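One file, target.cif, is given below (mmCIF, C-alpha atoms (C1' of nucleotides)).
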data_data
#
loop_
_atom_site.label_atom_id
_atom_site.label_comp_id
_atom_site.auth_asym_id
_atom_site.auth_seq_id
_atom_site.Cartn_x
_atom_site.Cartn_y
_atom_site.Cartn_z
CA MET A 1 74.84 1.06 -25.83
CA ILE A 2 72.19 -0.08 -28.26
CA THR A 3 73.40 -1.06 -31.71
CA TYR A 4 70.01 -1.75 -33.25
CA LYS A 5 69.38 0.46 -36.27
CA GLY A 6 65.74 -0.35 -36.99
CA LYS A 7 62.58 1.44 -36.03
CA ILE A 8 61.01 1.32 -32.62
CA ILE A 9 57.72 2.51 -31.21
CA VAL A 10 57.29 3.71 -27.64
CA ILE A 11 54.01 3.69 -25.80
CA ALA A 12 54.61 5.32 -22.47
CA GLY A 13 52.32 6.95 -19.99
CA PRO A 14 51.21 7.02 -16.40
CA THR A 15 50.02 4.05 -14.43
CA ALA A 16 46.50 2.91 -15.22
CA SER A 17 46.38 4.85 -18.45
CA GLY A 18 45.67 1.75 -20.50
CA LYS A 19 48.95 1.68 -22.35
CA SER A 20 49.25 -2.10 -22.28
CA ASP A 21 45.95 -2.53 -24.08
CA MET A 22 46.90 0.06 -26.66
CA ALA A 23 50.22 -1.64 -27.25
CA LEU A 24 48.67 -5.05 -27.61
CA LYS A 25 46.21 -3.79 -30.21
CA LEU A 26 48.93 -1.99 -32.06
CA ALA A 27 51.19 -5.02 -32.05
CA LYS A 28 48.44 -7.04 -33.70
CA ASP A 29 47.67 -4.36 -36.27
CA ILE A 30 51.24 -3.73 -37.35
CA ASN A 31 52.70 -7.14 -36.70
CA GLY A 32 54.92 -6.04 -33.89
CA TYR A 33 56.16 -7.41 -30.61
CA ILE A 34 56.24 -5.95 -27.15
CA ILE A 35 59.12 -5.11 -24.85
CA ASN A 36 58.49 -4.27 -21.23
CA GLY A 37 59.38 -0.72 -20.26
CA ASP A 38 58.32 -1.04 -16.69
CA SER A 39 60.79 -1.38 -13.86
CA ARG A 40 58.48 -3.50 -11.71
CA GLN A 41 56.97 -5.95 -14.13
CA ILE A 42 60.44 -7.33 -14.76
CA TYR A 43 60.25 -9.05 -11.38
CA LYS A 44 59.21 -12.60 -10.77
CA ASP A 45 56.51 -13.30 -8.19
CA LEU A 46 55.29 -9.70 -8.08
CA ASN A 47 52.14 -10.06 -10.10
CA ILE A 48 48.98 -8.44 -8.79
CA GLY A 49 50.54 -5.30 -7.36
CA THR A 50 52.56 -4.59 -10.46
CA ALA A 51 49.54 -5.18 -12.71
CA LYS A 52 51.60 -7.58 -14.75
CA PRO A 53 49.76 -8.89 -17.80
CA ILE A 54 48.36 -12.38 -17.49
CA PHE A 55 50.03 -14.28 -20.28
CA ASP A 56 48.68 -17.21 -22.24
CA GLU A 57 51.94 -19.12 -22.26
CA LYS A 58 55.61 -18.91 -21.55
CA ILE A 59 57.89 -19.54 -24.50
CA SER A 60 61.25 -19.23 -22.78
CA LYS A 61 63.04 -17.50 -19.93
CA ASN A 62 61.76 -14.03 -20.57
CA ILE A 63 59.45 -14.44 -23.53
CA TYR A 64 55.72 -14.73 -23.03
CA LEU A 65 52.81 -14.97 -25.39
CA LEU A 66 49.55 -13.01 -25.07
CA ASN A 67 46.96 -13.00 -27.84
CA GLY A 68 49.63 -14.39 -30.10
CA ILE A 69 51.90 -11.42 -29.46
CA LYS A 70 55.38 -11.96 -28.09
CA HIS A 71 56.18 -10.12 -24.86
CA PHE A 72 59.77 -9.70 -23.76
CA LEU A 73 61.44 -8.93 -20.46
CA TYR A 74 58.59 -9.63 -18.13
CA ASP A 75 58.82 -11.71 -15.02
CA PHE A 76 62.44 -12.72 -15.20
CA VAL A 77 64.33 -10.98 -12.39
CA ASN A 78 64.50 -12.13 -8.79
CA PRO A 79 63.08 -9.36 -6.56
CA LYS A 80 66.06 -9.78 -4.26
CA GLU A 81 68.43 -9.06 -7.06
CA ASN A 82 70.00 -5.66 -7.59
CA PHE A 83 68.91 -5.10 -11.15
CA THR A 84 70.37 -2.04 -12.82
CA LEU A 85 69.66 0.25 -15.70
CA TYR A 86 72.67 -1.13 -17.50
CA GLU A 87 71.32 -4.65 -17.38
CA TYR A 88 67.96 -3.48 -18.56
CA GLN A 89 69.38 -1.62 -21.51
CA ASN A 90 71.54 -4.59 -22.35
CA ALA A 91 68.62 -6.99 -22.22
CA VAL A 92 66.56 -4.77 -24.51
CA GLY A 93 69.48 -4.48 -26.91
CA THR A 94 69.73 -8.24 -27.14
CA VAL A 95 66.05 -8.60 -27.91
CA LEU A 96 66.16 -5.87 -30.54
CA ASN A 97 69.05 -7.49 -32.35
CA GLN A 98 67.49 -10.93 -32.41
CA GLU A 99 63.85 -10.35 -33.06
CA LYS A 100 62.06 -9.69 -36.37
CA GLY A 101 59.14 -7.31 -36.60
CA ILE A 102 58.47 -3.90 -35.15
CA PRO A 103 59.40 -3.52 -31.49
CA ILE A 104 56.96 -1.69 -29.27
CA ILE A 105 58.34 -0.72 -25.93
CA VAL A 106 55.57 -0.23 -23.37
CA GLY A 107 55.81 1.02 -19.85
CA GLY A 108 55.82 3.79 -17.32
CA THR A 109 59.45 3.91 -16.32
CA GLY A 110 60.77 6.90 -18.19
CA MET A 111 64.39 6.36 -17.36
CA TYR A 112 64.36 2.75 -18.53
CA ILE A 113 62.69 3.64 -21.78
CA ASP A 114 64.88 6.65 -22.43
CA SER A 115 68.04 4.71 -21.74
CA VAL A 116 67.15 2.69 -24.82
CA ILE A 117 65.63 5.34 -27.08
CA PHE A 118 68.27 7.96 -26.38
CA ASN A 119 70.98 5.36 -26.14
CA TYR A 120 72.66 6.19 -22.86
CA GLU A 121 76.29 5.23 -22.77
CA LEU A 122 76.40 2.97 -19.77
CA ILE A 123 79.34 0.98 -18.52
CA PRO A 124 79.09 -2.11 -16.37
CA ASN A 125 79.60 -1.47 -12.70
CA THR A 126 82.94 -2.79 -11.64
CA LYS A 127 83.73 -1.01 -8.40
CA GLU A 128 82.55 -2.57 -5.24
CA PRO A 129 80.27 -0.21 -3.40
CA LYS A 130 82.08 1.71 -0.69
CA ASP A 131 80.48 2.06 2.69
CA LEU A 132 78.85 5.31 1.81
CA GLU A 133 75.35 4.39 2.87
CA THR A 134 75.94 5.31 6.46
CA LYS A 135 77.55 8.66 5.79
CA SER A 136 75.68 11.84 6.51
CA LEU A 137 74.54 14.18 3.81
CA GLU A 138 77.27 16.65 4.70
CA GLU A 139 79.97 13.99 4.53
CA LEU A 140 78.72 12.85 1.16
CA GLN A 141 78.67 16.39 -0.14
CA SER A 142 82.22 16.87 0.98
CA LEU A 143 83.35 13.62 -0.67
CA ALA A 144 81.61 14.64 -3.87
CA LYS A 145 82.95 18.16 -3.85
CA ASP A 146 84.79 17.74 -7.15
CA HIS A 147 81.55 16.95 -8.93
CA ILE A 148 79.11 19.08 -7.04
CA ASN A 149 79.40 21.95 -9.46
CA GLU A 150 77.92 19.75 -12.14
CA MET A 151 74.96 18.92 -9.93
CA ASN A 152 71.86 20.96 -9.46
CA GLU A 153 70.19 22.16 -6.29
CA SER A 154 68.01 19.09 -6.08
CA ASP A 155 70.73 16.53 -6.70
CA ARG A 156 73.16 18.05 -4.24
CA LYS A 157 70.83 17.09 -1.44
CA ASN A 158 70.04 13.72 -2.88
CA ARG A 159 72.01 10.95 -1.17
CA HIS A 160 71.55 8.49 -4.02
CA ARG A 161 72.90 10.87 -6.58
CA LEU A 162 75.80 11.96 -4.38
CA ILE A 163 76.82 8.37 -3.73
CA ARG A 164 76.55 7.65 -7.41
CA ALA A 165 78.73 10.62 -8.30
CA ILE A 166 81.38 9.57 -5.80
CA GLU A 167 81.44 5.93 -6.91
CA ARG A 168 81.51 6.80 -10.56
CA GLY A 169 83.86 9.72 -10.14
CA GLY A 170 81.64 12.28 -11.78
CA ILE A 171 78.49 12.79 -13.74
CA ASN A 172 77.96 10.94 -16.98
CA ARG A 173 75.45 12.15 -19.51
CA LYS A 174 76.93 10.56 -22.61
CA LYS A 175 74.63 9.33 -25.32
CA GLY A 176 75.10 7.32 -28.46
CA ASP A 177 72.97 7.67 -31.58
CA MET A 178 69.31 8.13 -30.87
CA LEU A 179 67.14 5.29 -32.12
CA ASN A 180 64.76 5.83 -35.01
CA HIS A 181 61.62 6.05 -32.98
CA ILE A 182 58.17 7.47 -32.44
CA TYR A 183 57.27 8.24 -28.85
CA PHE A 184 53.65 8.13 -27.73
CA VAL A 185 52.53 9.18 -24.28
CA ILE A 186 49.03 8.20 -23.26
CA ASP A 187 47.29 11.37 -22.20
CA ILE A 188 44.32 11.09 -19.88
CA ASP A 189 42.41 13.64 -17.88
CA LYS A 190 43.65 13.52 -14.34
CA GLU A 191 40.26 13.19 -12.71
CA ILE A 192 39.37 10.25 -14.89
CA LEU A 193 42.72 8.68 -14.14
CA LYS A 194 42.11 9.08 -10.40
CA GLY A 195 38.88 7.16 -10.74
CA ARG A 196 40.64 4.42 -12.63
CA VAL A 197 43.34 4.18 -10.02
CA ARG A 198 40.68 3.68 -7.34
CA GLN A 199 39.04 0.93 -9.33
CA ARG A 200 42.31 -0.70 -10.12
CA ILE A 201 43.35 -0.84 -6.49
CA ASP A 202 39.98 -2.24 -5.45
CA LYS A 203 40.40 -4.86 -8.11
CA MET A 204 43.89 -5.71 -6.89
CA PHE A 205 42.55 -6.35 -3.42
CA GLU A 206 39.74 -8.48 -4.83
CA ASP A 207 42.29 -10.41 -6.83
CA GLY A 208 44.26 -11.13 -3.69
CA LEU A 209 46.90 -8.47 -3.18
CA LEU A 210 46.99 -9.19 0.54
CA GLU A 211 47.35 -12.91 -0.12
CA GLU A 212 50.14 -12.21 -2.58
CA ASN A 213 52.02 -10.26 0.07
CA ILE A 214 51.50 -13.02 2.61
CA SER A 215 52.78 -15.55 0.14
CA LEU A 216 55.81 -13.43 -0.74
CA ARG A 217 56.73 -13.26 2.92
CA LYS A 218 56.37 -17.00 3.20
CA GLN A 219 58.70 -17.42 0.26
CA GLY A 220 61.32 -15.49 2.15
CA TYR A 221 61.04 -12.07 0.59
CA THR A 222 61.26 -9.04 2.83
CA TYR A 223 60.30 -5.45 2.28
CA GLU A 224 63.99 -4.60 2.19
CA ASP A 225 64.41 -6.46 -1.09
CA LYS A 226 64.80 -4.22 -4.12
CA GLY A 227 61.74 -5.43 -5.93
CA MET A 228 59.59 -5.27 -2.84
CA ASN A 229 60.09 -1.53 -2.57
CA SER A 230 57.19 -1.05 -4.92
CA ILE A 231 53.78 0.46 -4.64
CA GLY A 232 51.32 -2.24 -3.69
CA TYR A 233 53.88 -4.07 -1.56
CA ILE A 234 55.89 -1.71 0.59
CA GLU A 235 52.68 -0.31 2.07
CA PHE A 236 52.01 -3.70 3.64
CA LYS A 237 55.17 -3.53 5.70
CA GLU A 238 53.46 -1.52 8.40
CA TYR A 239 50.36 -3.66 8.16
CA PHE A 240 52.33 -6.75 9.08
CA ASN A 241 53.96 -4.85 11.93
CA ASP A 242 50.47 -4.22 13.29
CA LYS A 243 50.86 -0.53 12.76
CA ILE A 244 48.07 0.17 10.29
CA SER A 245 44.82 -1.31 9.07
CA LEU A 246 44.08 -2.77 5.69
CA GLU A 247 42.03 0.32 4.84
CA GLU A 248 45.03 2.49 5.59
CA VAL A 249 47.19 0.30 3.39
CA LYS A 250 44.73 0.82 0.58
CA GLU A 251 44.71 4.56 1.10
CA LYS A 252 48.49 4.70 1.07
CA ILE A 253 48.65 2.71 -2.11
CA TYR A 254 46.23 5.17 -3.64
CA LYS A 255 48.20 8.21 -2.55
CA ASN A 256 51.53 6.73 -3.56
CA THR A 257 50.14 5.83 -6.93
CA LEU A 258 48.92 9.37 -7.50
CA SER A 259 52.22 10.93 -6.62
CA TYR A 260 53.95 8.39 -8.81
CA ILE A 261 51.70 9.37 -11.69
CA LYS A 262 52.62 12.97 -11.12
CA ARG A 263 56.32 12.16 -11.38
CA GLN A 264 55.74 10.10 -14.47
CA ARG A 265 54.01 13.00 -16.17
CA THR A 266 56.84 15.32 -15.22
CA TRP A 267 59.33 12.95 -16.75
CA PHE A 268 57.45 12.47 -19.99
CA ARG A 269 56.81 16.18 -20.40
CA ARG A 270 60.55 16.71 -20.77
CA ASN A 271 60.57 15.11 -24.17
CA SER A 272 59.13 17.74 -26.47
CA GLU A 273 59.10 15.32 -29.39
CA SER A 274 56.63 12.97 -27.78
CA ILE A 275 53.07 12.68 -29.01
CA TRP A 276 50.47 12.96 -26.28
CA THR A 277 47.27 11.24 -27.20
CA ASN A 278 44.57 8.97 -25.93
CA SER A 279 43.21 7.91 -29.28
CA TYR A 280 44.07 4.49 -30.61
CA GLU A 281 43.19 5.57 -34.14
CA ASP A 282 45.65 8.40 -33.81
CA ILE A 283 48.37 6.07 -32.60
CA LEU A 284 47.70 3.50 -35.30
CA TYR A 285 47.69 6.13 -38.03
CA LYS A 286 50.88 7.82 -36.92
CA ALA A 287 52.64 4.56 -36.14
CA SER A 288 51.76 3.17 -39.56
CA ASN A 289 53.09 6.26 -41.27
CA PHE A 290 56.23 6.05 -39.22
CA ILE A 291 56.81 2.44 -40.20
CA SER A 292 56.18 2.91 -43.89
CA LYS A 293 58.27 5.99 -44.47
CA GLU A 294 61.87 5.63 -45.44
"C1'" G B 1 18.61 33.57 26.96
"C1'" G B 2 23.34 32.91 30.26
"C1'" U B 3 28.47 31.33 30.93
"C1'" G B 4 32.98 29.56 28.92
"C1'" A B 5 36.34 28.06 25.06
"C1'" C B 6 37.72 28.63 20.27
"C1'" G B 7 38.10 31.00 15.13
"C1'" U B 8 45.95 31.06 11.82
"C1'" A B 9 46.91 28.38 4.09
"C1'" G B 10 42.37 23.37 0.81
"C1'" C B 11 42.92 20.25 5.65
"C1'" C B 12 45.49 19.44 10.57
"C1'" A B 13 48.30 22.60 13.52
"C1'" A B 14 52.50 25.66 16.51
"C1'" G B 15 52.90 30.56 17.81
"C1'" C B 16 49.18 33.69 22.65
"C1'" U B 17 55.27 36.94 29.08
"C1'" G B 18 53.23 41.93 21.82
"C1'" G B 19 59.04 43.31 17.94
"C1'" U B 20 63.54 41.43 11.69
"C1'" U B 21 61.42 36.86 6.50
"C1'" A B 22 53.94 33.60 10.76
"C1'" A B 23 57.00 26.64 12.87
"C1'" G B 24 55.77 21.82 11.23
"C1'" G B 25 52.74 18.02 8.84
"C1'" C B 26 49.14 16.45 5.03
"C1'" C B 27 47.11 17.51 0.33
"C1'" G B 28 48.15 20.10 -4.13
"C1'" U B 29 51.28 22.30 -7.99
"C1'" G B 30 55.90 22.90 -10.66
"C1'" G B 31 60.61 20.71 -11.13
"C1'" U B 32 65.34 17.51 -10.94
"C1'" C B 33 66.83 12.91 -13.33
"C1'" U B 34 72.48 8.06 -17.21
"C1'" G B 35 72.75 2.10 -12.46
"C1'" C B 36 67.56 1.36 -5.91
"C1'" A B 37 63.71 5.25 -10.73
"C1'" A B 38 56.82 2.34 -8.50
"C1'" A B 39 63.43 5.11 -5.96
"C1'" A B 40 65.54 9.52 -4.06
"C1'" C B 41 65.57 14.67 -4.04
"C1'" C B 42 64.42 20.22 -4.82
"C1'" A B 43 61.08 24.44 -5.07
"C1'" C B 44 56.36 26.87 -4.43
"C1'" U B 45 51.54 27.63 -1.73
"C1'" A B 46 48.66 32.68 4.69
"C1'" C B 47 45.42 39.94 3.25
"C1'" C B 48 46.38 35.22 11.06
"C1'" A B 49 37.06 35.43 11.10
"C1'" U B 50 35.30 40.81 10.61
"C1'" G B 51 35.26 45.96 12.47
"C1'" G B 52 37.21 49.22 15.92
"C1'" G B 53 40.75 50.44 19.94
"C1'" U B 54 45.55 50.47 22.93
"C1'" U B 55 50.77 50.83 21.26
"C1'" C B 56 56.54 53.41 18.14
"C1'" G B 57 54.90 48.33 16.81
"C1'" A B 58 49.43 43.20 17.39
"C1'" G B 59 48.01 36.69 14.93
"C1'" U B 60 49.59 37.80 19.95
"C1'" C B 61 46.38 42.87 24.66
"C1'" C B 62 41.08 45.38 25.02
"C1'" C B 63 35.94 46.08 23.03
"C1'" A B 64 32.15 44.89 19.61
"C1'" U B 65 30.12 41.83 15.72
"C1'" C B 66 29.65 37.23 13.20
"C1'" G B 67 30.55 31.99 13.40
"C1'" U B 68 31.72 27.12 15.71
"C1'" C B 69 31.70 24.10 19.97
"C1'" A B 70 30.77 22.91 25.13
"C1'" C B 71 28.12 23.55 29.42
"C1'" C B 72 23.98 25.91 32.20
"C1'" U B 73 18.62 27.63 33.00
#
If you convert what's in this file into structure tokens, what do you get?
Amino acid sequence: MITYKGKIIVIAGPTASGKSDMALKLAKDINGYIINGDSRQIYKDLNIGTAKPIFDEKISKNIYLLNGIKHFLYDFVNPKENFTLYEYQNAVGTVLNQEKGIPIIVGGTGMYIDSVIFNYELIPNTKEPKDLETKSLEELQSLAKDHINEMNESDRKNRHRLIRAIERGGINRKKGDMLNHIYFVIDIDKEILKGRVRQRIDKMFEDGLLEENISLRKQGYTYEDKGMNSIGYIEFKEYFNDKISLEEVKEKIYKNTLSYIKRQRTWFRRNSESIWTNSYEDILYKASNFISKE
RNA sequence: GGUGACGUAGCCAAGCUGGUUAAGGCCGUGGUCUGCAAAACCACUACCAUGGGUUCGAGUCCCAUCGUCACCU
């Protein structure tokens, strides 16, 4: 649960939409600070593939400075660690309660962002995971039979969700009070975005994405680690097993990015209150109004 | 010019001893969503090249046309 009662600005949107730049500008113009709303940029050592901002300096464990703007919750989780939504929400809550200024939460992970904005009621995980991973879909469905009525067609065939329902003993959709917020979604023509994704991936390779993967392996990370199951990394697994070429890796990253973007858009479309725009002036104007009104 | 093979969704492709709803994959689109979320999952997408014929019934057999490919003179 988030207890913060102040205002908060969200800048969400698909990968490569330019949301980070928008947020940085806005933070300068309204004297705000930035909180990471991206489930991959939280990880240490995953830099190029996650398009993590390059900061000017590190202030403390998870506070960085870029252009004089404070950035929170970047680069602070071990990729081997099993980081959860609860911990994320908690970490954001702590920042919100401590920091002065207008928080701007920026990222592409809809569930992370919404867990804060819509104040999901989460409880720390106490139960040890049962050995459900190896069970078949049918077995899981039978174990979850008490909750299956609450689940939809899609979730009933989804192992993750079934396991979750069994462990938790049901479905939880509780929310606390919604935060006082304004929710921007960067809206870009899909064809233009495709072009940008291409460029961005080319740039990642130029910047040493392959070398980063090699180095991660040397440091002892494997593609089974939570954080490593990310676009820009997991595609290299087959490359190192001599299964596919570097060109194929690149193509897979491209395809995976596009389908990720599609899912992101689907998520953000659910929130009918959100403001879809690609104009910084628009964002600045509306954000300023939002801040100044009582 | 001759012979042969082939022509099934945007792409690849099964079906070819004729018979209820034409496999599957990719791409695409829409969607689900309170602890792996850059995850996982669901749904949708075919006038079977064209025109005839045989048959109770044809993507499936026959003929012609068009097209593609291979080989031959």
Practice prompt. Take CA of Leu24 in chain A and CA of Tyr254 in chain A and report the distance between them in Å, one decimal.
Written response: 26.2 Å
Item to complete: Could you check how far CA of Ile253 in chain A sits from CA of Thr50 in chain A, in Å to one decimal?
Response: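 Computing it gives 11.8 Å between the two atoms.
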Fill in: Selection: 10 Å around range 63-77 of chain A, only C-alpha atoms (C1' of nucleotides), excl. self and same-chain fewer than 6 positions, as a PyMOL selection string
chain A and resi 24-25+27-28+31-47+52-57+83+88+91-92+95+99+103-105+227
Practice prompt. Run the PyMOL selection byres ((chain A) within 7 of (chain B)) on the file and write out the hits as a VMD selection string.
Written response: chain A and resid 40 84 to 86 111 120 122 153 to 155 157 to 158 160 172 to 173 226 230 to 231 260
Serialized selection, C-alpha atoms, as a short mmCIF file (atom, residue, chain, number, x, y, z; two decimals), keeping the file's coordinate frame:
data_model
loop_
_atom_site.label_atom_id
_atom_site.label_comp_id
_atom_site.auth_asym_id
_atom_site.auth_seq_id
_atom_site.Cartn_x
_atom_site.Cartn_y
_atom_site.Cartn_z
CA ARG A 40 58.48 -3.50 -11.71
CA THR A 84 70.37 -2.04 -12.82
CA LEU A 85 69.66 0.25 -15.70
CA TYR A 86 72.67 -1.13 -17.50
CA MET A 111 64.39 6.36 -17.36
CA TYR A 120 72.66 6.19 -22.86
CA LEU A 122 76.40 2.97 -19.77
CA GLU A 153 70.19 22.16 -6.29
CA SER A 154 68.01 19.09 -6.08
CA ASP A 155 70.73 16.53 -6.70
CA LYS A 157 70.83 17.09 -1.44
CA ASN A 158 70.04 13.72 -2.88
CA HIS A 160 71.55 8.49 -4.02
CA ASN A 172 77.96 10.94 -16.98
CA ARG A 173 75.45 12.15 -19.51
CA LYS A 226 64.80 -4.22 -4.12
CA SER A 230 57.19 -1.05 -4.92
CA ILE A 231 53.78 0.46 -4.64
CA TYR A 260 53.95 8.39 -8.81
#
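Residue neighbourhood of range 8-22 of chain B, excluding near-sequence residues (fewer than 6 positions): G28, U45, A46, C48, A49, U55, G57, A58, G59, U60 and C61 of chain B, at 10 Å, using only C-alpha atoms (C1' of nucleotides).
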Discussion item. When you count only C-alpha atoms, which of these residues is closest to Ile8 in chain A: A:Asn180, A:Thr266, A:Gln199, A:Asn229?
Written reply: A:Asn180
Polymer residues at most 12 Å from U68 in chain B, only C-alpha atoms (C1' of nucleotides), same-chain spacing of 4 or more positions, as a tab-separated table (two decimals) with C-alpha atoms (C1' of nucleotides), in the frame of the given file:
chain	number	residue	atom	x	y	z
B	5	A	C1'	36.34	28.06	25.06
B	6	C	C1'	37.72	28.63	20.27
B	7	G	C1'	38.10	31.00	15.13
B	49	A	C1'	37.06	35.43	11.10
Fill in: Residue IDs satisfying the PyMOL selection byres ((chain A and resi 196) around 12), as a ChimeraX atom specification
/A:14-18,188-195,197-203,254,257-258
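In terms of minimum interatomic distance to Glu273 in chain A, A:Tyr183 ranks closest within A:Gln219, A:Lys250, A:Arg164, A:Tyr183, counting only C-alpha atoms.
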Using only C-alpha atoms (C1' of nucleotides), find all polymer residues with an atom at most 12 Å away from the point (48.4, -2.5, 7.3); report them as a compact mmCIF listing (two decimals) with C-alpha atoms, in the coordinates of the input.
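Dumped everything to point_34.txt:
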# COMPACT_ATOMS: atom_id res chain seq x y z
CA LEU A 210 46.99 -9.19 0.54
CA ASN A 213 52.02 -10.26 0.07
CA ILE A 214 51.50 -13.02 2.61
CA GLY A 232 51.32 -2.24 -3.69
CA TYR A 233 53.88 -4.07 -1.56
CA ILE A 234 55.89 -1.71 0.59
CA GLU A 235 52.68 -0.31 2.07
CA PHE A 236 52.01 -3.70 3.64
CA LYS A 237 55.17 -3.53 5.70
CA GLU A 238 53.46 -1.52 8.40
CA TYR A 239 50.36 -3.66 8.16
CA PHE A 240 52.33 -6.75 9.08
CA ASN A 241 53.96 -4.85 11.93
CA ASP A 242 50.47 -4.22 13.29
CA LYS A 243 50.86 -0.53 12.76
CA ILE A 244 48.07 0.17 10.29
CA SER A 245 44.82 -1.31 9.07
CA LEU A 246 44.08 -2.77 5.69
CA GLU A 247 42.03 0.32 4.84
CA GLU A 248 45.03 2.49 5.59
CA VAL A 249 47.19 0.30 3.39
CA LYS A 250 44.73 0.82 0.58
CA GLU A 251 44.71 4.56 1.10
CA LYS A 252 48.49 4.70 1.07
CA ILE A 253 48.65 2.71 -2.11
Selection result for the PyMOL selection byres ((chain A and resi 178) around 6) on this file, as a PDB file with C-alpha atoms, in the coordinates of the input:
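expr-v2.pdb, freshly written:
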ATOM      1  CA  ILE A 117      65.630   5.340 -27.080  1.00  0.00           C
ATOM      2  CA  PHE A 118      68.270   7.960 -26.380  1.00  0.00           C
ATOM      3  CA  ASN A 119      70.980   5.360 -26.140  1.00  0.00           C
ATOM      4  CA  ASP A 177      72.970   7.670 -31.580  1.00  0.00           C
ATOM      5  CA  LEU A 179      67.140   5.290 -32.120  1.00  0.00           C
TER       6      LEU A 179
END
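Between CA of Lys218 in chain A and CA of Thr109 in chain A there is a distance of 28.8 Å.
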Worksheet item: Which residue out of B:C44, B:G24, B:G51, B:G4 has the minimum interatomic distance to C69 in chain B when all atoms listed in the file are used?
Response: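 Among B:C44, B:G24, B:G51, B:G4, it is B:G4 that comes nearest to C69 in chain B.
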Worksheet entry | Which of A:Gly13, A:Gly49, A:Gly101, A:Pro124 sits closest to Met1 in chain A [using only C-alpha atoms] |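 Smallest distance to Met1 in chain A is found for A:Pro124.
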Can range 263-278 of chain A be brought up to N, CA and C atoms and written out as a short mmCIF file (atom, residue, chain, number, x, y, z; two decimals), keeping the file's coordinate frame?
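So the final result, stored in rebuild_17.cif, reads:
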data_model
loop_
_atom_site.label_atom_id
_atom_site.label_comp_id
_atom_site.auth_asym_id
_atom_site.auth_seq_id
_atom_site.Cartn_x
_atom_site.Cartn_y
_atom_site.Cartn_z
N ARG A 263 54.91 12.18 -10.97
CA ARG A 263 56.32 12.16 -11.38
C ARG A 263 56.48 11.62 -12.79
N GLN A 264 55.66 10.65 -13.12
CA GLN A 264 55.74 10.10 -14.47
C GLN A 264 55.43 11.19 -15.50
N ARG A 265 54.39 11.95 -15.23
CA ARG A 265 54.01 13.00 -16.17
C ARG A 265 55.14 14.03 -16.31
N THR A 266 55.73 14.37 -15.19
CA THR A 266 56.84 15.32 -15.22
C THR A 266 57.97 14.79 -16.10
N TRP A 267 58.26 13.53 -15.94
CA TRP A 267 59.33 12.95 -16.75
C TRP A 267 58.97 13.02 -18.23
N PHE A 268 57.80 12.56 -18.57
CA PHE A 268 57.45 12.47 -19.99
C PHE A 268 57.27 13.84 -20.64
N ARG A 269 56.94 14.83 -19.85
CA ARG A 269 56.81 16.18 -20.40
C ARG A 269 58.13 16.74 -20.90
N ARG A 270 59.23 16.18 -20.37
CA ARG A 270 60.55 16.71 -20.77
C ARG A 270 60.83 16.50 -22.24
N ASN A 271 60.28 15.43 -22.78
CA ASN A 271 60.57 15.11 -24.17
C ASN A 271 59.57 15.84 -25.08
N SER A 272 60.04 16.90 -25.69
CA SER A 272 59.13 17.74 -26.47
C SER A 272 58.71 17.08 -27.77
N GLU A 273 59.42 16.01 -28.15
CA GLU A 273 59.10 15.32 -29.39
C GLU A 273 57.94 14.34 -29.21
N SER A 274 57.60 14.03 -28.00
CA SER A 274 56.63 12.97 -27.78
C SER A 274 55.22 13.41 -28.19
N ILE A 275 54.43 12.43 -28.54
CA ILE A 275 53.07 12.68 -29.01
C ILE A 275 52.11 12.27 -27.91
N TRP A 276 51.41 13.25 -27.36
CA TRP A 276 50.47 12.96 -26.28
C TRP A 276 49.09 12.73 -26.88
N THR A 277 48.57 11.56 -26.62
CA THR A 277 47.27 11.24 -27.20
C THR A 277 46.59 10.14 -26.40
N ASN A 278 45.30 10.07 -26.56
CA ASN A 278 44.57 8.97 -25.93
C ASN A 278 43.72 8.24 -26.97
#
